[in-house]
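Just below is one structure, and these are the notes that go with it.
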Amino acid sequence: MDLAIRCGGLVKKYEEVTAVDGLDLSVRRGECFGLLGPNGAGKTTTVEVLEGLIEPTAGDVEVLGMRWENDERALRQRLGISLQETHLPDKLTVEEVLRLFRSFFAQGREVDEVLSLVGLGEKRRAWTEKLSGGQKQRLAVACALVSDPELLFLDEPTTGLDPQSRRQLWEVVLGFKSRGRTVLLTTHYMDEAQRLCDRVAVVDRGKVIALGTPAELIASLGGQQVIEVALDPAPGDGDLRSLPGVRRVSHAGGAFSLGVDKLHETLPALLSLAQGRGAAVTQLSTHHATLEDVFVNLTGRQLRE
Amino acid sequence: MRPNPLWELTLARLRMFFREPSAVFWTFGFPLALSVALGVAFRNKPPDPVAVGVWSGPDAFAAGRVLEVLRATPGVKVREYGGSSTRDLSTGKIALFVRPRERIEYDFDPTRPESRLARAVVDDALQRAAGRADALATTDQPVMAPGSRYIDFLIPGLIGMNIMSGSMWGIGYVVVEMRTRKLLKRLMATPMSRAQFLWSFVLMRAAFFFLELPLLLLFGWLAFGVGVQGSLPLLLGLSFLGALAFAGLGLLVASRAQNTQTVSGLINLVMLPMFIGSGVFFSTARFPDALQPFLRALPLTALNDSLRAVMIDGAGPRAVAVPSALLAAVTVAGFTLALRLFRWR
């Protein structure tokens, strides 16, 4: 299979902390691959090792069939990178920043073309310090796109942005992918991963704990629907598991999370169980299963904590 | 079409500089303001009169005679005291206190040059008035050659100081700021050439000379008539060499610093001894002989000495060979060490 990124047994230790703890990854050419995990899971460290910005403690990394030790110059020409945080120079205009980044690459796209691609054409003469958060982020992505890269790295591209700015950036990423290019992005938003990614690796404590398409991961949960319920006094796990249609039971905070196939079968039975026990329902909500539930089910913790 | 990276990097540096009004002021306005202020404060004027106090308390008649003589003596400013003057003497309001009795007594601090001068002038005037004749015929010939004024000394020093602080702040501070803002890391994620990145700083500093140096020279010439006795290309060459030397030092202090506070401290630590010891505002000859070898080894001393040699004495390349060699050595050492230590991420 044609791989854009292959890494095996990746370890990065800092003095006290092990940020990445034996991580394996294969990203295919032409796919959008997401690293999903909470803050501190090791996503950024992993990405920066793949970008050749951090030396791994151990492990094997191959990007576009090349290695950082031997082919750094050639490799840099073919990548587009957007770091988690970069303050571009305040007092340069959008156009000047893009021209500067364009000048570093032997081949790439015209500055005007990239400006209209990310929707910053009207802001071309504005100083970067005058841009909104969403516009700054789009400029950062534009700096990564100006080389017309084969492989695009985006580290938390939409963190802290308003919904409209996020959607604009998603369009940019989907447009890039539609040209057959490869994207590796990190995020802690499950909706982002679900919307953009062909495949997702769920990362926790420096390891991949689940891998697959978003649909596969959700299907692996058991049950398309999730009921979150808290009863006082609390019933046993067994009581809940024996309710009709319940595929799994897990603990999420102080409540139970039930994976079910059909809400209309399980809910009445759940309520009559509570009534029969004389237990008060202190919390009850339902939603479609998401990648968040996958993470909660695997770790017992919320994604954004 | 691909823009040229070195050109774009240099252009970006220049744009960022000229869009920061405070940086422009500190580079161009401040040295001009300083030379105006100092030029006015130390302008050529007749020598200050010596201030002398006379005690009229115990012997009003003798005091009257003394006061009469001293008031007629040029270069002496007299004040009459009914009582004690110790306070005015110790605070320097008067340089000498005269107590006319049967003998004339002088109170003064012999370690203060103006007090010794006051004593000599006053004693001479009183002795002559009492009838002493000069045994030897003498004539005074005042000499005030161009190039010997304070402003002639000051302008080359200010040029040197400006070159130093421009390079140190313009490179040291800016590089560290780029590091804290992760911009350095972002640039390292592109195929940008590190050598071109560093060259852009050198080129920016070079571009400044064609603005900075003529501005100060022209100002010195128009406002104070400070001329350049030697060759202008040599002056320009020396300035550029000085800028390179301080660019190396600026890069060196910036090579590891992780925040702008640290680098500001380091820059001040490097520059302060040179502000004082390298003859910007006053001659290094004021320091004890034992310190002279150290002062001469400072790059700003080398730069200031050679700038003064060219501007005031009209020295040629031969005369400034030694300080030029020192500056070249500092440049090579600074860049080599800085590149070895430099933290790019």
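We name chains A, B, ... following the order of the structure tokens; residues begin at 1 in each chain, and ligands are numbered from 1 as shown.
For chain B, the residues within 9 Å of chain A are Met1, Arg2, Pro3, Asn4, Pro5, Leu6, Glu8, Leu9, Ala12, Arg15, Met16, Phe17, Arg19, Glu20, Met178, Arg181, Lys182, Leu183, Lys185, Arg186, Leu187, Met188, Ala189, Thr190, Pro191, Met192, Ser193 and Arg345 of chain B, with only C-alpha atoms used to measure distance.
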Compile the contact shell of Pro31 of chain B as a ChimeraX atom specification: residues with an atom at most 8 Å away, counting only C-alpha atoms, same-chain residues fewer than 6 positions apart removed. /B:158,162,216
Could you pull out the residues in segment 67-236 of chain A that DSSP calls strand (DSSP E) from the backbone, as a ChimeraX atom specification? /A:79-82,151-155,182-187,199-204,207-212,225-232
Backbone DSSP call of helix (DSSP H, G or I) for segment 145-205 of chain B, listed as an MDAnalysis selection string: chainID B and resid 150:180 183:188 194:205
Calculate how many Å separate atom CA of Arg101 of chain B from atom CA of Ala133 of chain B, rounding to one decimal.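 If I compute the distance from atom CA of Arg101 of chain B to atom CA of Ala133 of chain B, I get 23.0 Å.
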Non-local contacts of Glu265 of chain A (7 Å; only C-alpha atoms; under 2 positions in same chain excluded) as a ChimeraX atom specification: /A:244-245,262-263,267-268
Could you turn the residues from that selection into a file that holds C-alpha atoms, as a tab-separated table (two decimals), in the first residue's frame?
```tsv
chain	number	residue	atom	x	y	z
A	244	PRO	CA	-34.10	-4.78	26.47
A	245	GLY	CA	-31.86	-3.48	23.66
A	262	LYS	CA	-33.59	1.46	19.66
A	263	LEU	CA	-34.50	4.17	22.12
A	267	LEU	CA	-36.36	3.97	27.49
A	268	PRO	CA	-39.78	2.75	28.76
```
Would you list the contacts of Leu244 of chain B as a PyMOL selection string, taking every protein, DNA or RNA residue within 7 Å and counting only C-alpha atoms, but skipping same-chain residues closer than 4 positions in sequence? chain B and resi 240+248+331
Option closest in space to Met311 of chain B, from B:Ser56, B:Ser115, B:Thr260, B:Gln229 [counting only C-alpha atoms]: B:Gln229
Residues near Gly65 of chain A, anyone? I mean within 10 Å using only C-alpha atoms, not counting same-chain ones fewer than 4 positions away, as a VMD selection string. chain A and resid 2 to 6 61 71 75
Segment 111-114 of chain B surroundings by only C-alpha atoms, 12 Å radius, close-in-sequence under 2 positions cut, as a VMD selection string: chain B and resid 47 to 52 76 89 to 96 108 to 109 116 to 122
